[in-house]
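final_0.csv follows (CSV, C-alpha atoms):
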```
chain,number,residue,atom,x,y,z
A,70,MET,CA,194.6,95.6,36.3
A,71,ALA,CA,192.3,95.6,39.2
A,72,THR,CA,188.9,97.4,38.8
A,73,GLY,CA,186.1,98.5,41.0
A,74,ARG,CA,184.0,95.5,39.8
A,75,THR,CA,185.9,93.0,42.0
A,76,HIS,CA,187.3,95.2,44.8
A,77,ARG,CA,185.4,97.2,47.4
A,78,PRO,CA,186.9,99.5,50.1
A,79,ALA,CA,187.6,98.0,53.5
A,80,THR,CA,186.0,100.8,55.5
A,81,ARG,CA,182.6,99.1,56.0
A,82,SER,CA,184.1,95.8,57.2
A,83,ARG,CA,186.4,97.6,59.6
A,84,GLY,CA,183.5,99.5,61.2
A,85,ILE,CA,184.7,103.0,60.5
A,86,PRO,CA,182.0,105.6,61.1
A,87,GLU,CA,180.6,107.4,58.0
A,88,ALA,CA,181.6,110.7,59.5
A,89,THR,CA,185.2,109.5,59.7
A,90,VAL,CA,185.1,108.2,56.2
A,91,ALA,CA,183.8,111.6,55.0
A,92,ARG,CA,186.9,113.3,56.6
A,93,LEU,CA,189.5,110.8,55.2
A,94,PRO,CA,189.7,112.6,51.8
A,95,LEU,CA,190.3,115.9,53.6
A,96,TYR,CA,193.3,114.3,55.5
A,97,LEU,CA,194.6,112.7,52.3
A,98,ARG,CA,194.5,116.0,50.4
A,99,ALA,CA,196.4,117.8,53.2
A,100,LEU,CA,198.9,114.9,53.4
A,101,THR,CA,199.4,114.8,49.7
A,102,ALA,CA,200.3,118.5,49.7
A,103,LEU,CA,202.8,117.8,52.5
A,104,SER,CA,204.3,114.9,50.6
A,105,GLU,CA,204.7,117.0,47.4
A,106,ARG,CA,206.8,119.4,49.6
A,107,SER,CA,208.9,116.4,50.9
A,108,VAL,CA,207.7,117.0,54.5
A,109,PRO,CA,208.5,113.8,56.4
A,110,THR,CA,206.4,114.1,59.5
A,111,VAL,CA,203.5,116.2,60.7
A,112,SER,CA,201.9,116.8,64.1
A,113,SER,CA,198.2,116.2,64.7
A,114,GLU,CA,197.7,119.9,65.3
A,115,GLU,CA,199.3,120.9,62.0
A,116,LEU,CA,197.5,118.3,60.0
A,117,ALA,CA,194.2,119.1,61.7
A,118,THR,CA,194.6,122.8,60.8
A,119,ALA,CA,195.4,121.9,57.2
A,120,ALA,CA,192.3,119.6,57.0
A,121,GLY,CA,190.0,122.1,58.8
A,122,VAL,CA,189.1,119.9,61.8
A,123,ASN,CA,190.2,119.9,65.4
A,124,SER,CA,193.2,117.8,66.5
A,125,ALA,CA,191.2,115.6,69.0
A,126,LYS,CA,188.8,114.6,66.2
A,127,LEU,CA,191.7,113.8,63.9
A,128,ARG,CA,193.4,111.6,66.5
A,129,LYS,CA,190.1,109.8,67.0
A,130,ASP,CA,189.6,109.3,63.3
A,131,PHE,CA,193.2,107.9,62.9
A,132,SER,CA,192.6,105.5,65.8
A,133,TYR,CA,190.1,103.7,63.6
A,134,LEU,CA,192.9,103.1,61.1
A,135,GLY,CA,195.2,101.7,63.7
A,136,SER,CA,197.5,104.7,63.2
A,137,TYR,CA,199.0,106.5,66.2
A,138,GLY,CA,201.5,109.2,66.0
A,139,THR,CA,204.8,109.2,67.9
A,140,ARG,CA,204.9,111.7,70.8
A,141,GLY,CA,207.3,114.5,70.0
A,142,VAL,CA,207.6,113.4,66.3
A,143,GLY,CA,204.1,113.2,64.9
A,144,TYR,CA,202.8,111.2,62.0
A,145,ASP,CA,204.8,109.7,59.1
A,146,VAL,CA,203.4,111.5,56.1
A,147,GLU,CA,204.1,108.9,53.4
A,148,TYR,CA,202.8,106.1,55.6
A,149,LEU,CA,199.5,108.0,56.3
A,150,VAL,CA,199.1,108.7,52.6
A,151,TYR,CA,199.4,105.0,51.9
A,152,GLN,CA,197.1,104.0,54.8
A,153,ILE,CA,194.3,106.4,53.9
A,154,SER,CA,194.6,105.6,50.2
A,155,ARG,CA,194.3,101.9,50.9
A,156,GLU,CA,191.3,102.5,53.2
A,157,LEU,CA,189.5,104.5,50.6
A,158,GLY,CA,190.2,102.0,47.9
A,159,LEU,CA,192.5,104.3,46.0
A,160,THR,CA,195.4,101.9,45.6
A,161,GLN,CA,193.5,100.3,42.7
A,162,ASP,CA,192.1,101.6,39.4
A,163,TRP,CA,188.4,102.8,39.5
A,164,PRO,CA,187.0,103.2,36.0
A,165,VAL,CA,184.3,105.9,35.9
A,166,VAL,CA,181.8,106.9,33.2
A,167,ILE,CA,180.4,110.4,32.9
A,168,VAL,CA,176.9,110.7,31.5
A,169,GLY,CA,175.8,114.1,30.2
A,170,ILE,CA,178.6,116.0,28.4
A,171,GLY,CA,177.2,119.5,28.5
A,172,ASN,CA,179.1,122.4,30.1
A,173,LEU,CA,179.4,120.7,33.5
A,174,GLY,CA,180.1,117.2,32.1
A,175,ALA,CA,182.8,118.6,29.9
A,176,ALA,CA,184.3,120.5,32.8
A,177,LEU,CA,184.4,117.2,34.8
A,178,ALA,CA,186.0,115.4,31.9
A,179,ASN,CA,188.7,118.0,31.8
A,180,TYR,CA,189.4,117.8,35.5
A,181,GLY,CA,193.0,116.6,35.9
A,182,GLY,CA,192.6,115.4,39.5
A,183,PHE,CA,190.8,112.1,38.7
A,184,ALA,CA,193.9,110.1,37.6
A,185,SER,CA,196.1,111.2,40.5
A,186,ARG,CA,193.4,110.1,43.0
A,187,GLY,CA,192.8,106.6,41.7
A,188,PHE,CA,190.1,107.2,39.1
A,189,ARG,CA,190.2,106.6,35.4
A,190,VAL,CA,187.5,108.2,33.1
A,191,ALA,CA,186.6,105.2,31.0
A,192,ALA,CA,184.0,106.9,28.8
A,193,LEU,CA,182.1,110.0,28.1
A,194,ILE,CA,178.4,109.4,27.2
A,195,ASP,CA,175.7,111.7,25.9
A,196,ALA,CA,172.2,111.3,24.5
A,197,ASP,CA,172.7,113.9,21.7
A,198,PRO,CA,173.5,112.2,18.4
A,199,ALA,CA,175.4,115.3,17.3
A,200,MET,CA,177.8,114.8,20.2
A,201,ALA,CA,178.8,111.3,19.2
A,202,GLY,CA,182.4,111.1,18.1
A,203,LYS,CA,183.3,114.6,19.2
A,204,PRO,CA,186.5,114.8,21.3
A,205,VAL,CA,186.2,116.1,24.8
A,206,ALA,CA,189.3,116.1,27.0
A,207,GLY,CA,191.0,113.9,24.4
A,208,MET,CA,188.2,111.3,24.4
A,209,PRO,CA,185.4,110.7,21.9
A,210,VAL,CA,181.9,111.1,23.3
A,211,GLN,CA,179.8,108.0,22.9
A,212,HIS,CA,176.0,107.8,22.5
A,213,THR,CA,173.9,106.5,25.4
A,214,ASP,CA,172.8,103.6,23.2
A,215,GLU,CA,176.3,102.2,24.1
A,216,LEU,CA,176.0,102.7,27.8
A,217,GLU,CA,175.4,99.1,28.9
A,218,ARG,CA,178.2,97.7,26.7
A,219,ILE,CA,180.6,100.4,27.9
A,220,ILE,CA,179.9,99.6,31.5
A,221,SER,CA,180.3,95.8,30.9
A,222,ASP,CA,183.5,96.1,28.8
A,223,ASN,CA,185.2,98.5,31.3
A,224,GLY,CA,184.1,96.9,34.5
A,225,VAL,CA,182.6,100.2,35.7
A,226,SER,CA,181.0,100.4,39.1
A,227,ILE,CA,181.0,104.2,39.5
A,228,GLY,CA,178.9,106.5,37.4
A,229,VAL,CA,178.7,110.3,37.3
A,230,ILE,CA,175.4,111.9,36.2
A,231,ALA,CA,175.7,115.4,34.8
A,232,THR,CA,172.5,115.4,32.8
A,233,PRO,CA,169.5,117.8,33.1
A,234,ALA,CA,167.2,116.9,36.0
A,235,GLY,CA,164.5,115.4,33.8
A,236,ALA,CA,166.8,112.7,32.4
A,237,ALA,CA,168.7,111.9,35.5
A,238,GLN,CA,166.4,109.2,37.0
A,239,GLN,CA,166.2,107.2,33.7
A,240,VAL,CA,170.0,107.4,33.3
A,241,CYS,CA,170.4,106.3,37.0
A,242,GLU,CA,168.1,103.3,36.4
A,243,ARG,CA,170.1,102.2,33.3
A,244,LEU,CA,173.4,102.6,35.2
A,245,VAL,CA,172.1,100.5,38.1
A,246,ALA,CA,170.7,97.8,35.8
A,247,ALA,CA,174.0,97.6,34.0
A,248,GLY,CA,175.9,97.0,37.3
A,249,VAL,CA,176.9,100.4,38.6
A,250,THR,CA,176.7,100.4,42.4
A,251,SER,CA,177.9,104.0,43.2
A,252,ILE,CA,176.7,107.2,41.6
A,253,LEU,CA,177.9,110.8,41.9
A,254,ASN,CA,174.9,112.9,41.0
A,255,PHE,CA,175.3,116.5,39.8
A,256,ALA,CA,171.7,116.7,38.4
A,257,PRO,CA,169.4,119.0,40.5
A,258,THR,CA,167.1,116.2,41.5
A,259,VAL,CA,166.8,113.4,44.1
A,260,LEU,CA,167.5,110.0,42.7
A,261,SER,CA,165.6,106.8,43.7
A,262,VAL,CA,167.9,103.8,43.9
A,263,PRO,CA,167.6,100.3,45.3
A,264,ASP,CA,169.4,99.0,48.4
A,265,GLY,CA,173.1,98.4,47.9
A,266,VAL,CA,173.5,101.5,45.6
A,267,ASP,CA,175.3,104.5,47.0
A,268,VAL,CA,174.5,108.0,45.8
A,269,ARG,CA,176.4,111.1,46.6
A,270,LYS,CA,174.7,114.4,45.5
A,271,VAL,CA,176.5,117.5,44.5
A,272,ASP,CA,174.1,120.5,44.2
A,273,LEU,CA,175.9,123.9,43.9
A,274,SER,CA,172.7,125.9,44.2
A,275,ILE,CA,171.9,124.3,47.6
A,276,GLU,CA,175.5,125.0,48.8
A,277,LEU,CA,175.1,128.6,47.8
A,278,GLN,CA,171.7,128.9,49.5
A,279,ILE,CA,173.3,127.5,52.7
A,280,LEU,CA,176.0,130.2,52.5
A,281,ALA,CA,173.4,132.8,51.9
A,282,PHE,CA,171.7,131.7,55.2
A,283,HIS,CA,174.9,132.1,57.1
A,284,GLU,CA,175.5,135.5,55.6
A,285,GLN,CA,172.1,136.6,56.6
A,286,ARG,CA,172.5,135.4,60.1
A,287,LYS,CA,175.9,137.1,60.4
A,288,ALA,CA,174.4,140.3,59.2
A,289,GLY,CA,171.6,140.0,61.8
A,290,GLU,CA,174.0,139.3,64.6
A,291,GLU,CA,176.1,142.4,63.7
A,292,ALA,CA,173.0,144.6,63.7
A,293,ALA,CA,172.0,143.2,67.1
A,294,THR,CA,175.4,144.0,68.6
A,295,GLU,CA,175.5,147.7,67.5
A,296,VAL,CA,176.0,150.0,70.5
A,297,VAL,CA,172.7,151.7,71.5
A,298,PRO,CA,172.9,154.4,74.2
A,299,PRO,CA,170.9,153.2,77.2
A,300,PRO,CA,167.9,155.3,78.3
A,301,VAL,CA,168.7,158.0,80.9
A,302,GLU,CA,167.3,156.9,84.3
A,303,ARG,CA,166.3,159.7,86.7
A,304,ASP,CA,166.8,159.3,90.4
A,305,SER,CA,163.3,159.8,91.9
A,306,ALA,CA,164.6,161.5,95.1
A,307,VAL,CA,166.7,164.0,93.2
A,308,GLU,CA,163.8,164.6,90.8
A,309,SER,CA,161.4,165.4,93.7
A,310,ALA,CA,163.9,167.8,95.4
A,311,THR,CA,164.5,169.6,92.1
A,312,ASP,CA,160.8,170.0,91.5
A,313,ALA,CA,160.3,171.4,95.1
A,314,VAL,CA,163.1,174.1,94.5
A,315,ALA,CA,161.5,175.0,91.2
A,316,ALA,CA,158.1,175.5,92.9
A,317,THR,CA,159.5,178.0,95.4
A,318,ARG,CA,160.8,180.2,92.6
A,319,LYS,CA,157.4,180.4,90.8
A,320,GLY,CA,155.2,183.4,91.1
A,321,PRO,CA,151.5,183.4,91.9
A,322,ASP,CA,150.7,182.9,88.3
A,323,GLY,CA,152.5,179.7,88.0
A,324,ASP,CA,155.2,179.7,85.4
A,325,VAL,CA,156.1,183.5,85.8
A,326,PRO,CA,158.9,183.9,88.3
A,327,ALA,CA,158.0,185.9,91.4
A,328,VAL,CA,159.6,189.4,91.6
A,329,MET,CA,161.2,190.0,94.9
A,330,PRO,CA,160.4,193.5,96.4
A,331,ALA,CA,163.4,195.9,96.4
```
Full structure transcribed into structure tokens:
Amino acid sequence: MATGRTHRPATRSRGIPEATVARLPLYLRALTALSERSVPTVSSEELATAAGVNSAKLRKDFSYLGSYGTRGVGYDVEYLVYQISRELGLTQDWPVVIVGIGNLGAALANYGGFASRGFRVAALIDADPAMAGKPVAGMPVQHTDELERIISDNGVSIGVIATPAGAAQQVCERLVAAGVTSILNFAPTVLSVPDGVDVRKVDLSIELQILAFHEQRKAGEEAATEVVPPPVERDSAVESATDAVAATRKGPDGDVPAVMPA
């Protein structure tokens, strides 16, 4: 069985931009949903809408894969699924270890989408001796003392860190020293890694803060667009004429109207 230890994705050697690589999983998810519904072909507009991008960007991204749709027909769904899966390295088995089996780590272990997307959870690892041997998602949790052996025995090159922030850097260093070259970090801290090691950070609190920023901005824009009646402008010529007429109707004492003689 092929593992991540001996195979690397082809995207870097093919010169595919990182922004395009980041969108490939979005296309694959949309295409997989179409495939499950037995949809044979899809237009660039339909696929772009499903993936949340514009169709021009999608066609540009697919040009890096050497994939061009047929005018009037669109893209072959099954072929695109294979093409993108191959480009992302998902046509082989990628063993993954999850370190830190608290609430988040346990939730990740129970996620059923790993296997269908080319990833196999090889081990669950935690520093708490009381967790050792306990089953989570059908797998026994192993102690961190076994980390290096587990990585070596399973040919692991991808590690998931779901530990508290204070332990994350030390775990990261042990993973890298054992041969892990890609890390998915859920710990709320920035990891320091050597060249050649890729880190993807997932921070839910930061994502929520970004959403809060956009909500605040939308609220400000709505307040700014509320209809405010414009100030009434008085015509200076009309105003002068009105004042002159009013003056002719005033009596000698100013504000008291003059009484016309009978």
Between A:Arg218, A:Phe255, A:Arg140, A:Glu114, which is the closest to A:Gly169 once you count all atoms listed in the file?
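Of the candidates, the smallest distance to A:Gly169 is held by A:Phe255.
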Step by step: start from the point (179.6, 110.6, 31.2) in the file's coordinates, keep every protein, DNA or RNA residue that has an atom no farther than 9 Å from it, count only C-alpha atoms, and write the set as a CSV table (one decimal) with C-alpha atoms, in the coordinates of the input.
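New file result-v7.csv:
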```
chain,number,residue,atom,x,y,z
A,165,VAL,CA,184.3,105.9,35.9
A,166,VAL,CA,181.8,106.9,33.2
A,167,ILE,CA,180.4,110.4,32.9
A,168,VAL,CA,176.9,110.7,31.5
A,169,GLY,CA,175.8,114.1,30.2
A,170,ILE,CA,178.6,116.0,28.4
A,174,GLY,CA,180.1,117.2,32.1
A,175,ALA,CA,182.8,118.6,29.9
A,177,LEU,CA,184.4,117.2,34.8
A,178,ALA,CA,186.0,115.4,31.9
A,190,VAL,CA,187.5,108.2,33.1
A,191,ALA,CA,186.6,105.2,31.0
A,192,ALA,CA,184.0,106.9,28.8
A,193,LEU,CA,182.1,110.0,28.1
A,194,ILE,CA,178.4,109.4,27.2
A,195,ASP,CA,175.7,111.7,25.9
A,210,VAL,CA,181.9,111.1,23.3
A,211,GLN,CA,179.8,108.0,22.9
A,228,GLY,CA,178.9,106.5,37.4
A,229,VAL,CA,178.7,110.3,37.3
A,230,ILE,CA,175.4,111.9,36.2
A,231,ALA,CA,175.7,115.4,34.8
A,232,THR,CA,172.5,115.4,32.8
```
In terms of only C-alpha atoms, the residue from A:Gly135, A:Gly207, A:Pro109, A:Gly248 at minimal distance from A:Asn223 is A:Gly248
Between atom CA of A:Thr258 and atom CA of A:Asn172, what is the distance in Å, rounded to a tenth?
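The value is 17.7 Å.
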What's the 7 Å shell around A:Phe188, counting only C-alpha atoms, without same-chain residues fewer than 4 positions away, as an MDAnalysis selection string?
chainID A and resid 162:165 183:184
For the residues selected in the previous step, produce a file with C-alpha atoms as an mmCIF file, keeping the file's coordinate frame.
```
data_model
loop_
_atom_site.group_PDB
_atom_site.id
_atom_site.type_symbol
_atom_site.label_atom_id
_atom_site.label_comp_id
_atom_site.auth_asym_id
_atom_site.auth_seq_id
_atom_site.Cartn_x
_atom_site.Cartn_y
_atom_site.Cartn_z
ATOM 1 C CA ASP A 162 192.100 101.600 39.400
ATOM 2 C CA TRP A 163 188.400 102.800 39.500
ATOM 3 C CA PRO A 164 187.000 103.200 36.000
ATOM 4 C CA VAL A 165 184.300 105.900 35.900
ATOM 5 C CA PHE A 183 190.800 112.100 38.700
ATOM 6 C CA ALA A 184 193.900 110.100 37.600
#
```
Within 9 Å of stretch 235-239 of chain A, counting only C-alpha atoms, which residues show up once you throw out same-chain ones fewer than 5 positions away? Write them as a compact mmCIF listing (two decimals) with C-alpha atoms, in the frame of the given file, please.
```txt
# COMPACT_ATOMS: atom_id res chain seq x y z
CA ILE A 230 175.40 111.90 36.20
CA LEU A 244 173.40 102.60 35.20
CA ASN A 254 174.90 112.90 41.00
CA ALA A 256 171.70 116.70 38.40
CA PRO A 257 169.40 119.00 40.50
CA THR A 258 167.10 116.20 41.50
CA VAL A 259 166.80 113.40 44.10
CA LEU A 260 167.50 110.00 42.70
CA SER A 261 165.60 106.80 43.70
CA VAL A 262 167.90 103.80 43.90
```
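For the set A:Ala234, A:Ile219, A:Val122, A:Val90, the residue with the smallest atom-to-atom gap to A:Glu156 is A:Val90, counting all atoms listed in the file.
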Hey, which of A:Lys126, A:Arg92, A:Arg189, A:Arg155 ends up closest to A:Gly224? Count only C-alpha atoms.
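That would be A:Arg189, the residue with the smallest distance to A:Gly224.
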Please provide the set of residues having any atom within 9 Å of A:Leu127, restricted to all atoms listed in the file, with same-chain residues fewer than 2 positions apart removed, written as a list in words.
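Near neighbours after the sequence-gap exclusion: Thr89, Arg92, Tyr96, Ser113, Glu114, Leu116, Ala117, Val122, Asn123, Ser124, Ala125, Lys129, Asp130, Phe131 and Ser132 of chain A.
Going from atom CA of A:Lys203 over to atom CA of A:Leu173, you cover 16.0 Å.
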Counting all atoms listed in the file, note down every residue that has an atom within 8 Å of the point (197.9, 106.2, 58.9) (file coordinates), as a PDB file with C-alpha atoms, in the frame of the given file.
```pdb
ATOM      1  CA  PHE A 131     193.200 107.900  62.900  1.00  0.00           C
ATOM      2  CA  LEU A 134     192.900 103.100  61.100  1.00  0.00           C
ATOM      3  CA  GLY A 135     195.200 101.700  63.700  1.00  0.00           C
ATOM      4  CA  SER A 136     197.500 104.700  63.200  1.00  0.00           C
ATOM      5  CA  TYR A 137     199.000 106.500  66.200  1.00  0.00           C
ATOM      6  CA  TYR A 144     202.800 111.200  62.000  1.00  0.00           C
ATOM      7  CA  ASP A 145     204.800 109.700  59.100  1.00  0.00           C
ATOM      8  CA  TYR A 148     202.800 106.100  55.600  1.00  0.00           C
ATOM      9  CA  LEU A 149     199.500 108.000  56.300  1.00  0.00           C
ATOM     10  CA  VAL A 150     199.100 108.700  52.600  1.00  0.00           C
ATOM     11  CA  TYR A 151     199.400 105.000  51.900  1.00  0.00           C
ATOM     12  CA  GLN A 152     197.100 104.000  54.800  1.00  0.00           C
ATOM     13  CA  ILE A 153     194.300 106.400  53.900  1.00  0.00           C
TER      14      ILE A 153
END
```
Which of A:Val245, A:Pro233, A:Val271, A:Ala292 sits closest to A:Gly171 [using all atoms listed in the file]:
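For A:Gly171, the nearest of the candidates is A:Pro233.
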A:Ala246 surroundings by all atoms listed in the file, 9 Å radius, close-in-sequence under 4 positions cut, as an mmCIF file with C-alpha atoms, keeping the file's coordinate frame:
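Output below, filename selection_26.cif:
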```cif
data_model
loop_
_atom_site.group_PDB
_atom_site.id
_atom_site.type_symbol
_atom_site.label_atom_id
_atom_site.label_comp_id
_atom_site.auth_asym_id
_atom_site.auth_seq_id
_atom_site.Cartn_x
_atom_site.Cartn_y
_atom_site.Cartn_z
ATOM 1 C CA GLU A 217 175.400 99.100 28.900
ATOM 2 C CA CYS A 241 170.400 106.300 37.000
ATOM 3 C CA GLU A 242 168.100 103.300 36.400
#
```
Would you compute the distance between atom CA of A:Val205 and atom CA of A:Asp267? Give it in Å to one decimal.
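Interatomic distance, atom CA of A:Val205 to atom CA of A:Asp267: 27.3 Å.
The smallest atom-to-atom distance between A:Val142 and any of A:Val111, A:Leu216, A:Val266, A:Val249, using only C-alpha atoms, is found for A:Val111.
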